[in-house]
Structures are given as C-alpha cells and as structure tokens.
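K.L.:
Here you go, this is my_file_5.pdb (PDB, C-alpha atoms).
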```
MODEL        1
ATOM      1  CA  MET A   1     127.784  53.607  -5.288
ATOM      2  CA  GLY A   2     128.860  57.233  -5.152
ATOM      3  CA  GLU A   3     125.218  58.220  -5.507
ATOM      4  CA  GLN A   4     124.270  56.254  -2.409
ATOM      5  CA  VAL A   5     127.072  57.848  -0.419
ATOM      6  CA  MET A   6     125.866  61.260  -1.569
ATOM      7  CA  GLY A   7     122.316  60.322  -0.540
ATOM      8  CA  SER A   8     123.557  59.460   2.940
ATOM      9  CA  VAL A   9     125.465  62.740   3.104
ATOM     10  CA  ILE A  10     122.286  64.687   2.216
ATOM     11  CA  GLU A  11     120.320  62.763   4.851
ATOM     12  CA  GLY A  12     123.023  63.463   7.425
ATOM     13  CA  VAL A  13     123.054  67.208   6.718
ATOM     14  CA  LEU A  14     119.230  67.390   6.812
ATOM     15  CA  PHE A  15     119.271  65.493  10.103
ATOM     16  CA  LEU A  16     121.823  67.933  11.524
ATOM     17  CA  PHE A  17     119.614  70.872  10.457
ATOM     18  CA  MET A  18     116.633  69.199  12.165
ATOM     19  CA  ILE A  19     118.507  68.760  15.452
ATOM     20  CA  VAL A  20     119.734  72.383  15.477
ATOM     21  CA  LEU A  21     116.240  73.613  14.587
ATOM     22  CA  ALA A  22     114.546  71.494  17.275
ATOM     23  CA  ILE A  23     116.877  72.814  19.992
ATOM     24  CA  TYR A  24     116.353  76.378  18.774
ATOM     25  CA  ILE A  25     112.528  76.017  18.727
ATOM     26  CA  ALA A  26     112.557  74.599  22.251
ATOM     27  CA  ARG A  27     114.422  77.674  23.507
ATOM     28  CA  LEU A  28     112.387  80.210  21.524
ATOM     29  CA  ARG A  29     109.835  82.468  23.291
ATOM     30  CA  SER A  30     108.176  84.105  20.262
ATOM     31  CA  LEU A  31     105.367  81.749  19.302
ATOM     32  CA  PHE A  32     104.943  83.264  15.833
ATOM     33  CA  ALA A  33     108.587  82.526  15.030
ATOM     34  CA  ALA A  34     108.147  79.041  16.488
ATOM     35  CA  ALA A  35     105.209  78.424  14.125
ATOM     36  CA  MET A  36     107.385  79.517  11.178
ATOM     37  CA  LEU A  37     110.250  77.301  12.275
ATOM     38  CA  PHE A  38     107.917  74.325  12.726
ATOM     39  CA  GLY A  39     107.028  74.753   9.055
ATOM     40  CA  ILE A  40     110.710  74.646   8.144
ATOM     41  CA  PHE A  41     111.132  71.598  10.383
ATOM     42  CA  SER A  42     108.376  69.797   8.483
ATOM     43  CA  LEU A  43     109.978  70.676   5.154
ATOM     44  CA  LEU A  44     113.264  69.213   6.420
ATOM     45  CA  ALA A  45     111.469  66.061   7.568
ATOM     46  CA  ALA A  46     109.778  65.839   4.163
ATOM     47  CA  GLY A  47     113.125  66.192   2.374
ATOM     48  CA  MET A  48     114.572  63.505   4.608
ATOM     49  CA  GLN A  49     111.681  61.122   3.952
ATOM     50  CA  THR A  50     111.917  61.751   0.208
ATOM     51  CA  MET A  51     115.607  60.876   0.342
ATOM     52  CA  MET A  52     114.676  57.650   2.146
ATOM     53  CA  ASP A  53     112.242  56.731  -0.678
ATOM     54  CA  ALA A  54     109.055  57.337   1.337
ATOM     55  CA  VAL A  55     107.752  59.965  -1.069
ATOM     56  CA  ASP A  56     104.079  59.531  -0.127
ATOM     57  CA  VAL A  57     104.813  59.941   3.587
ATOM     58  CA  ALA A  58     107.026  62.916   2.729
ATOM     59  CA  PHE A  59     104.280  64.643   0.827
ATOM     60  CA  THR A  60     101.804  64.116   3.654
ATOM     61  CA  GLU A  61     104.376  65.538   6.055
ATOM     62  CA  ALA A  62     104.915  68.597   3.856
ATOM     63  CA  ALA A  63     101.206  69.247   3.262
ATOM     64  CA  VAL A  64     100.149  68.698   6.875
ATOM     65  CA  GLY A  65     103.246  69.923   8.705
ATOM     66  CA  ALA A  66     104.329  72.888   6.601
ATOM     67  CA  GLY A  67     100.889  73.688   5.199
ATOM     68  CA  ILE A  68      97.822  73.194   7.336
ATOM     69  CA  SER A  69      99.426  72.983  10.802
ATOM     70  CA  THR A  70     101.259  76.278  10.320
ATOM     71  CA  VAL A  71      97.934  77.887   9.426
ATOM     72  CA  LEU A  72      96.254  76.225  12.426
ATOM     73  CA  PHE A  73      99.070  77.396  14.730
ATOM     74  CA  LEU A  74      98.655  80.936  13.428
ATOM     75  CA  GLY A  75      94.885  80.676  13.804
ATOM     76  CA  ALA A  76      95.378  79.712  17.432
ATOM     77  CA  LEU A  77      97.886  82.563  17.817
ATOM     78  CA  GLY A  78      95.258  85.008  16.535
ATOM     79  CA  LEU A  79      93.147  84.101  19.584
ATOM     80  CA  THR A  80      95.909  84.290  22.170
ATOM     81  CA  THR A  81      99.180  86.097  22.853
ATOM     82  CA  SER A  82     102.168  85.613  20.594
ATOM     83  CA  GLU A  83     104.745  85.379  23.351
ATOM     84  CA  GLU A  84     105.293  82.344  25.556
ATOM     85  CA  THR A  85     105.431  83.222  29.241
ATOM     86  CA  ARG A  86     108.816  82.636  30.779
ATOM     87  CA  PRO A  87     108.775  79.694  33.199
ATOM     88  CA  VAL A  88     109.500  80.505  36.830
ATOM     89  CA  HIS A  89     111.981  77.685  37.001
ATOM     90  CA  TYR A  90     113.023  74.965  34.568
ATOM     91  CA  ARG A  91     111.701  71.511  35.305
ATOM     92  CA  PHE A  92     114.425  68.969  34.823
ATOM     93  CA  THR A  93     111.963  66.119  35.358
ATOM     94  CA  GLY A  94     110.596  66.814  31.866
ATOM     95  CA  LEU A  95     114.063  66.823  30.341
ATOM     96  CA  PHE A  96     114.834  63.557  32.103
ATOM     97  CA  VAL A  97     111.631  61.874  30.908
ATOM     98  CA  VAL A  98     112.158  63.036  27.323
ATOM     99  CA  THR A  99     115.784  61.903  27.295
ATOM    100  CA  ALA A 100     114.924  58.539  28.831
ATOM    101  CA  THR A 101     112.102  57.966  26.315
ATOM    102  CA  GLY A 102     114.393  58.936  23.453
ATOM    103  CA  LEU A 103     117.097  56.553  24.626
ATOM    104  CA  LEU A 104     114.516  53.759  25.008
ATOM    105  CA  LEU A 105     113.270  54.350  21.460
ATOM    106  CA  ALA A 106     116.841  54.400  20.110
ATOM    107  CA  TRP A 107     117.506  51.162  22.017
ATOM    108  CA  GLY A 108     114.379  49.659  20.437
ATOM    109  CA  THR A 109     115.701  50.391  16.934
ATOM    110  CA  LEU A 110     118.732  48.172  17.585
ATOM    111  CA  ASP A 111     116.541  45.087  17.085
ATOM    112  CA  MET A 112     115.222  46.360  13.750
ATOM    113  CA  PRO A 113     116.557  44.956  10.474
ATOM    114  CA  ALA A 114     118.966  47.157   8.532
ATOM    115  CA  TYR A 115     117.446  49.993   6.475
ATOM    116  CA  GLY A 116     116.487  48.706   3.016
ATOM    117  CA  ASP A 117     117.283  45.064   3.888
ATOM    118  CA  PRO A 118     115.355  42.903   1.352
ATOM    119  CA  ASN A 119     115.231  40.020   3.868
ATOM    120  CA  ALA A 120     113.449  42.107   6.505
ATOM    121  CA  PRO A 121     110.164  40.509   7.700
ATOM    122  CA  ILE A 122     108.106  43.361   6.255
ATOM    123  CA  HIS A 123     109.330  42.489   2.751
ATOM    124  CA  GLN A 124     108.732  38.751   3.222
ATOM    125  CA  HIS A 125     105.173  38.625   4.582
ATOM    126  CA  VAL A 126     102.463  39.941   2.212
ATOM    127  CA  ALA A 127     104.543  42.291   0.044
ATOM    128  CA  PRO A 128     105.489  39.621  -2.568
ATOM    129  CA  HIS A 129     101.823  38.650  -2.867
ATOM    130  CA  TYR A 130     100.808  42.286  -3.459
ATOM    131  CA  LEU A 131     103.570  42.795  -6.019
ATOM    132  CA  ASP A 132     102.812  39.585  -7.936
ATOM    133  CA  ASP A 133      99.030  39.334  -7.826
ATOM    134  CA  SER A 134      97.547  42.791  -7.262
ATOM    135  CA  THR A 135      97.133  43.502 -10.988
ATOM    136  CA  ALA A 136      95.141  40.297 -11.453
ATOM    137  CA  GLU A 137      93.152  40.601  -8.218
ATOM    138  CA  ILE A 138      92.383  44.332  -8.140
ATOM    139  CA  GLY A 139      93.181  45.535 -11.642
ATOM    140  CA  ILE A 140      94.921  48.776 -10.653
ATOM    141  CA  PRO A 141      98.379  49.226 -12.195
ATOM    142  CA  ASN A 142      99.743  51.095  -9.150
ATOM    143  CA  VAL A 143     100.429  48.644  -6.317
ATOM    144  CA  VAL A 144     100.427  51.319  -3.598
ATOM    145  CA  THR A 145      96.976  52.476  -4.719
ATOM    146  CA  SER A 146      95.559  48.956  -4.716
ATOM    147  CA  VAL A 147      96.956  48.326  -1.206
ATOM    148  CA  LEU A 148      95.535  51.577   0.149
ATOM    149  CA  ALA A 149      92.198  51.530  -1.620
ATOM    150  CA  SER A 150      91.406  47.809  -1.682
ATOM    151  CA  TYR A 151      93.496  45.479   0.494
ATOM    152  CA  ARG A 152      93.434  48.017   3.325
ATOM    153  CA  GLY A 153      90.244  49.782   2.297
ATOM    154  CA  TYR A 154      88.688  49.740   5.787
ATOM    155  CA  ASP A 155      91.899  51.136   7.239
ATOM    156  CA  THR A 156      91.889  54.005   4.750
ATOM    157  CA  PHE A 157      88.188  54.595   5.418
ATOM    158  CA  GLY A 158      88.917  54.867   9.149
ATOM    159  CA  GLU A 159      91.783  57.283   8.496
ATOM    160  CA  THR A 160      89.557  59.458   6.345
ATOM    161  CA  THR A 161      86.957  59.540   9.135
ATOM    162  CA  VAL A 162      89.636  60.561  11.652
ATOM    163  CA  VAL A 163      90.895  63.352   9.392
ATOM    164  CA  LEU A 164      87.342  64.612   8.769
ATOM    165  CA  THR A 165      86.590  64.591  12.512
ATOM    166  CA  ALA A 166      89.814  66.458  13.237
ATOM    167  CA  ALA A 167      89.040  69.049  10.551
ATOM    168  CA  VAL A 168      85.501  69.581  11.854
ATOM    169  CA  GLY A 169      86.849  69.941  15.397
ATOM    170  CA  ALA A 170      89.500  72.430  14.331
ATOM    171  CA  PHE A 171      86.989  74.514  12.397
ATOM    172  CA  LEU A 172      84.578  74.513  15.343
ATOM    173  CA  LEU A 173      87.355  75.645  17.671
ATOM    174  CA  LEU A 174      88.975  78.234  15.404
ATOM    175  CA  GLY A 175      86.695  79.217  12.529
ATOM    176  CA  GLY A 176      83.342  78.954  14.310
ATOM    177  CA  GLY A 177      84.588  80.788  17.364
ATOM    178  CA  ALA A 178      86.127  83.575  15.300
ATOM    179  CA  LEU A 179      82.953  84.004  13.256
ATOM    180  CA  SER A 180      80.605  84.308  16.225
ATOM    181  CA  ALA A 181      83.031  86.468  18.208
ATOM    182  CA  ARG A 182      83.843  88.826  15.355
ATOM    183  CA  SER A 183      81.280  91.462  16.343
ATOM    184  CA  GLY A 184      82.387  91.587  19.965
ATOM    185  CA  ARG A 185      86.007  90.915  19.142
ATOM    186  CA  ASP A 186      87.425  94.419  19.322
ATOM    187  CA  GLU A 187      86.263  94.978  22.899
ATOM    188  CA  ASP A 188      86.834  91.459  24.197
ATOM    189  CA  HIS A 189      90.308  90.829  22.908
ATOM    190  CA  GLU A 190      92.071  94.059  23.683
ATOM    191  CA  GLU A 191      93.959  92.488  26.570
ATOM    192  CA  ALA A 192      95.078  89.645  24.336
ATOM    193  CA  ASP A 193      97.126  91.999  22.157
ATOM    194  CA  SER A 194     100.825  91.676  22.639
ATOM    195  CA  SER A 195     103.375  94.383  22.168
ATOM    196  CA  GLY A 196     105.977  92.007  20.731
ATOM    197  CA  ASP A 197     107.539  92.219  17.305
ATOM    198  CA  SER A 198     105.041  89.689  15.973
ATOM    199  CA  ALA A 199     102.183  90.851  13.809
ATOM    200  CA  ALA A 200     100.075  87.745  14.452
ATOM    201  CA  GLY A 201      99.065  88.890  17.907
ATOM    202  CA  GLY A 202      97.908  92.267  16.699
ATOM    203  CA  GLU A 203      94.329  92.691  15.619
ATOM    204  CA  GLY A 204      95.128  93.759  12.096
ATOM    205  CA  SER A 205      91.846  94.948  10.654
ATOM    206  CA  ALA A 206      91.633  96.644   7.312
TER     207      ALA A 206
ATOM    208  CA  MET C   1     132.123  64.926  -9.056
ATOM    209  CA  ASN C   2     129.322  65.702 -11.436
ATOM    210  CA  VAL C   3     127.143  68.750 -11.741
ATOM    211  CA  PHE C   4     124.357  67.325  -9.548
ATOM    212  CA  VAL C   5     126.702  66.793  -6.600
ATOM    213  CA  ILE C   6     127.871  70.395  -6.850
ATOM    214  CA  SER C   7     124.262  71.600  -7.058
ATOM    215  CA  VAL C   8     123.266  69.585  -3.983
ATOM    216  CA  VAL C   9     126.167  71.015  -1.983
ATOM    217  CA  GLY C  10     125.185  74.533  -3.067
ATOM    218  CA  ILE C  11     121.547  73.959  -2.108
ATOM    219  CA  LEU C  12     122.504  72.578   1.303
ATOM    220  CA  ILE C  13     124.682  75.629   1.972
ATOM    221  CA  THR C  14     121.807  77.925   0.937
ATOM    222  CA  MET C  15     119.509  75.959   3.266
ATOM    223  CA  ALA C  16     121.921  76.627   6.117
ATOM    224  CA  LEU C  17     121.905  80.356   5.268
ATOM    225  CA  ALA C  18     118.083  80.458   5.146
ATOM    226  CA  LEU C  19     118.003  78.649   8.482
ATOM    227  CA  THR C  20     120.365  81.248   9.946
ATOM    228  CA  ARG C  21     118.067  84.039   8.798
ATOM    229  CA  ALA C  22     115.062  82.238  10.301
ATOM    230  CA  PHE C  23     116.967  81.974  13.599
ATOM    231  CA  LEU C  24     118.174  85.550  13.700
ATOM    232  CA  GLY C  25     114.917  87.166  12.615
ATOM    233  CA  PRO C  26     114.483  89.845  13.861
ATOM    234  CA  THR C  27     111.143  90.809  12.244
ATOM    235  CA  VAL C  28     108.225  88.591  11.252
ATOM    236  CA  PHE C  29     108.885  89.150   7.577
ATOM    237  CA  ASP C  30     112.498  87.999   7.817
ATOM    238  CA  ARG C  31     111.170  84.736   9.198
ATOM    239  CA  VAL C  32     108.362  84.464   6.627
ATOM    240  CA  LEU C  33     110.894  85.097   3.883
ATOM    241  CA  ALA C  34     113.265  82.514   5.362
ATOM    242  CA  ALA C  35     110.458  79.943   5.559
ATOM    243  CA  ASN C  36     109.443  80.651   1.962
ATOM    244  CA  MET C  37     113.048  80.430   0.795
ATOM    245  CA  PHE C  38     113.480  77.184   2.703
ATOM    246  CA  GLY C  39     110.437  75.777   0.906
ATOM    247  CA  THR C  40     111.980  76.744  -2.432
ATOM    248  CA  LYS C  41     115.240  75.080  -1.430
ATOM    249  CA  THR C  42     113.358  71.898  -0.526
ATOM    250  CA  VAL C  43     111.803  71.925  -3.996
ATOM    251  CA  LEU C  44     115.243  72.317  -5.579
ATOM    252  CA  LEU C  45     116.829  69.692  -3.338
ATOM    253  CA  ILE C  46     114.192  67.098  -4.214
ATOM    254  CA  ALA C  47     114.487  67.892  -7.921
ATOM    255  CA  VAL C  48     118.297  67.704  -7.970
ATOM    256  CA  ALA C  49     118.485  64.686  -5.652
ATOM    257  CA  GLY C  50     116.100  62.879  -7.989
ATOM    258  CA  PHE C  51     118.525  63.317 -10.859
ATOM    259  CA  LEU C  52     121.460  62.505  -8.576
ATOM    260  CA  THR C  53     120.019  59.157  -7.509
ATOM    261  CA  GLY C  54     118.755  58.303 -11.001
ATOM    262  CA  ARG C  55     115.052  58.973 -10.398
ATOM    263  CA  PRO C  56     114.233  62.036 -12.516
ATOM    264  CA  GLU C  57     110.484  61.458 -11.912
ATOM    265  CA  TRP C  58     110.992  63.240  -8.579
ATOM    266  CA  LEU C  59     110.734  66.405 -10.648
ATOM    267  CA  ASP C  60     106.932  65.953 -10.554
ATOM    268  CA  LEU C  61     107.083  65.816  -6.751
ATOM    269  CA  ALA C  62     109.152  68.979  -6.723
ATOM    270  CA  ILE C  63     106.526  70.823  -8.771
ATOM    271  CA  LEU C  64     103.835  69.680  -6.320
ATOM    272  CA  TYR C  65     105.937  70.988  -3.426
ATOM    273  CA  ALA C  66     106.321  74.322  -5.184
ATOM    274  CA  LEU C  67     102.533  74.577  -5.542
ATOM    275  CA  MET C  68     101.996  73.721  -1.881
ATOM    276  CA  ASN C  69     104.689  76.127  -0.752
ATOM    277  CA  PHE C  70     103.007  78.936  -2.677
ATOM    278  CA  THR C  71      99.547  78.200  -1.240
ATOM    279  CA  GLY C  72     100.896  77.862   2.286
ATOM    280  CA  MET C  73     102.769  81.133   2.028
ATOM    281  CA  ILE C  74      99.640  83.034   0.911
ATOM    282  CA  ALA C  75      97.691  81.628   3.868
ATOM    283  CA  LEU C  76     100.556  82.563   6.163
ATOM    284  CA  LEU C  77     100.865  86.130   4.928
ATOM    285  CA  ARG C  78      97.102  86.640   5.171
ATOM    286  CA  PHE C  79      97.278  85.437   8.730
ATOM    287  CA  SER C  80     100.142  87.707   9.653
ATOM    288  CA  LYS C  81      98.248  90.681   8.171
ATOM    289  CA  PHE C  82      94.682  90.047   9.301
ATOM    290  CA  ALA C  83      95.153  87.631  12.248
ATOM    291  CA  ASN C  84      92.684  85.277  10.535
ATOM    292  CA  LEU C  85      92.090  83.937   7.015
ATOM    293  CA  ALA C  86      90.751  87.288   5.830
ATOM    294  CA  SER C  87      87.380  87.277   4.159
ATOM    295  CA  ASP C  88      86.804  89.275   1.008
ATOM    296  CA  GLU C  89      85.245  92.326   2.657
ATOM    297  CA  GLN C  90      88.281  92.701   4.918
ATOM    298  CA  LEU C  91      90.546  92.907   1.894
ATOM    299  CA  LYS C  92      88.613  95.784   0.351
TER     300      LYS C  92
ENDMDL
END
```
Starting from the file, lay out its structure as structure tokens.

P.N.:
Amino acid sequence: MGEQVMGSVIEGVLFLFMIVLAIYIARLRSLFAAAMLFGIFSLLAAGMQTMMDAVDVAFTEAAVGAGISTVLFLGALGLTTSEETRPVHYRFTGLFVVTATGLLLAWGTLDMPAYGDPNAPIHQHVAPHYLDDSTAEIGIPNVVTSVLASYRGYDTFGETTVVLTAAVGAFLLLGGGALSARSGRDEDHEEADSSGDSAAGGEGSA
Amino acid sequence: MNVFVISVVGILITMALALTRAFLGPTVFDRVLAANMFGTKTVLLIAVAGFLTGRPEWLDLAILYALMNFTGMIALLRFSKFANLASDEQLK
C-alpha cells in the first residue's frame, strides 16, 4: 500500500513540475529556450505515463517529444529568428477559450470510470478475449504485440503511413530547403540572424 | 521508509534544481545542460520507481531512455553549433 501512495506522490510532483513548466514556456520569449523546455516537458510527461503503467506510450512520448520534435523545432529555428516578437497587446479571448476548453475536458473526465478500475468498460469488452485466446489465435507470446500487429493490423498500417508522410513532409520543408538554399544561404539569410543570446539563430559555419 | 523512497525524494529534488537552472538560463549551454541533466534524472526516476513499485524490469526502459537522451543531446548540440544537422565536411 505504501508503494502505491509513493507512486501517487511521484505523479503529483511530476504534475506540479509540468504545470510550472507550461506556464513558464507560455511566458518565455526566447524560442531556443522554449524548444529546450519542451524537451523537458516531454520527459516529465514520459515519466508520468511510466508511473501510470503506460510504458509504451511513455516511450513514444520521450522519443517523439524529447527527441525528434526538439530537433525539428531547432531545424525550424535555424531558418527563422530565435526570438518571439512581443505581442502589441494580450488577447484575452484566447485565454478564455483555452480555459473554457480545459474546464470542459475536465468536466468530461467526471463521467469516466476510476483510474485502474477492473470493471471499467474498456477492460470488459474485448480485453479478456485478447488475454485468453491471443496465444492460440495469433501465436505471439506478447499480447500487446499481437493486438498491435494482428488484431489491429490495419490500424497500425495506417499509423505507419501517417508517420512516413509526416517525416517526408518535414524533410521536404526543412532538409530539402536547407540543401538547395545552402549555396545562397549566406547572402539570403543575413537579416534572419538575431542578436539574442541564442546560438541557434546564428549562422554557425565552420 | 526504505532506501528507494529516499532515492526517489532525492531525485525529485534534483529534478526541481535542474528545472530551476533551465528557467534561469541565462546562456544556451546552461539550458542544454539542464535538459541533459533532466533526461538523466528521468532515467534514474524510472529505474528507482521500478524497484519501488516492485517492477525491476523497468531498468531496461531506463537504459533505453539513457540511449535516447544521449542521441538527442548530440543532435541538439550539433544544431546549436551549426544551425543544422552538420554534414561531415562542415565538421572538418
């Protein structure tokens, strides 16, 4: 029992860190620092999801959020300035919409079954069938693998296609553009240099 | 109050300190260092929490996180130095 309490304490502290970090990122003007802090945010989310037993989701979050998206953010920063322009005035409509949406989502969770409840509908529908029969039907010892690769094979295939398309798009936007523009880069991008403390905006050439 | 609880508390405090450094900056490398340190702390937290909650197989996950943290950090530092994923001739 003490272990479960300690698990909740860890989740609570990680959640607190995430809230503080999110508020800080929203107020930050240096985009390079924001990219760094987004990486930390993803690591926190991954730790949180690991604590809640969703280790596969957590690892995806860590690899995508802290790994590739940080690199993509920095790649985008290499093509633009590293400082966010200060808004002329703050729009409270946005704050209102975000708060209202958040409250609606929190209200929606009230109807959900308790976390880890074995009688929740999701554990009653097809999960017992997968757990009991997947070894006989599919022949893979790992139930998660047989669900992903066989029972929901088309779903996984679609996801893979989406990820491939996204990767191709990102490379066309960032990598392809940088390659073709490299020769004319020094003249064209002088005005994009920022004088801030961030090195990402500078054209650091060896 | 076993040794894992104490370790978790220590790691959470260190996480808070790394977060403070990431907030305060002031230079890029303070923030890169803070992000790297935070990744290491996540690795440690997952490893220790696995033992705490009776699932020592989380240690494998922690090793995978360490690998990913290392790779990500190299990509990040290359970016902060060359403003793109530097090709080999740029490094020479």

K.L.:
With the file shown as input, list the residues that the PyMOL selection byres ((chain C) within 8 of (chain A)) selects, as a PyMOL selection string.

P.N.:
chain C and resi 5+8+12+16+22-23+27-28+31-32+35+38-39+42+45-46+49+52-53+65+68-69+71-72+75-76+79-84+90-92

K.L.:
Which value, in Å to one decimal, gives the distance between atom CA of Thr40 of chain C and atom CA of Asn2 of chain C?

P.N.:
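Pair atom CA of Thr40 of chain C / atom CA of Asn2 of chain C returns 22.4 Å.
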
K.L.:
Give me the residues within 8 Å of segment 136-141 of chain A as number ranges by chain, counting all atoms listed in the file and dropping any in the same chain fewer than 4 places off.

P.N.:
A: 145-146, 150

K.L.:
Restricting the calculation to only C-alpha atoms, which member of A:Thr109, A:Phe157, A:Ser30, A:Ala127 is positioned closest to Val144 of chain A?

P.N.:
A:Ala127

K.L.:
Give, as lines of an AutoDock Vina configuration file, the centre coordinates and the x, y and z edge lengths in Å to one decimal for an axis-aligned box around all listed atoms of segment 157-164 of chain A, padded by 6 Å on each side.

P.N.:
```
center_x = 89.4
center_y = 59.6
center_z = 8.5
size_x = 16.8
size_y = 22.0
size_z = 18.2
```

K.L.:
Looking at only C-alpha atoms, which of A:Asp53, A:Glu84, A:Asp155, A:Asp111 is the one that sits closest to Arg27 of chain A?

P.N.:
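Among the listed residues, the smallest separation from Arg27 of chain A belongs to A:Glu84.
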
K.L.:
Care to translate the PyMOL selection byres ((chain C and resi 62) around 9) into actual residues of this file, as a short mmCIF file (atom, residue, chain, number, x, y, z; two decimals) with C-alpha atoms, in the frame of the given file?

P.N.:
```cif
data_model
loop_
_atom_site.label_atom_id
_atom_site.label_comp_id
_atom_site.auth_asym_id
_atom_site.auth_seq_id
_atom_site.Cartn_x
_atom_site.Cartn_y
_atom_site.Cartn_z
CA THR C 42 113.36 71.90 -0.53
CA VAL C 43 111.80 71.92 -4.00
CA LEU C 44 115.24 72.32 -5.58
CA LEU C 45 116.83 69.69 -3.34
CA ILE C 46 114.19 67.10 -4.21
CA ALA C 47 114.49 67.89 -7.92
CA TRP C 58 110.99 63.24 -8.58
CA LEU C 59 110.73 66.40 -10.65
CA ASP C 60 106.93 65.95 -10.55
CA LEU C 61 107.08 65.82 -6.75
CA ILE C 63 106.53 70.82 -8.77
CA LEU C 64 103.84 69.68 -6.32
CA TYR C 65 105.94 70.99 -3.43
CA ALA C 66 106.32 74.32 -5.18
CA LEU C 67 102.53 74.58 -5.54
#
```

K.L.:
Just how far from atom CA of Glu159 of chain A is atom CA of Leu173 of chain A, in Å to one decimal?

P.N.:
21.0 Å

K.L.:
Between A:Thr165, A:Asn119, A:Thr93, A:Thr160, single out the one closest to Leu148 of chain A, counting all atoms listed in the file.

P.N.:
A:Thr160

K.L.:
Let me make sure I understand: among C:Gly25, C:Phe4, C:Met73, C:Met15, which one has the smallest atom-to-atom distance to Gly54 of chain C if we use all atoms listed in the file?

P.N.:
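Answer, going by the shortest atom-to-atom distance: C:Phe4.
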
K.L.:
What is the distance, in Å and to one decimal place, between atom CA of Ala18 of chain C and atom CA of Arg86 of chain A?

P.N.:
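So the answer is 27.3 Å.
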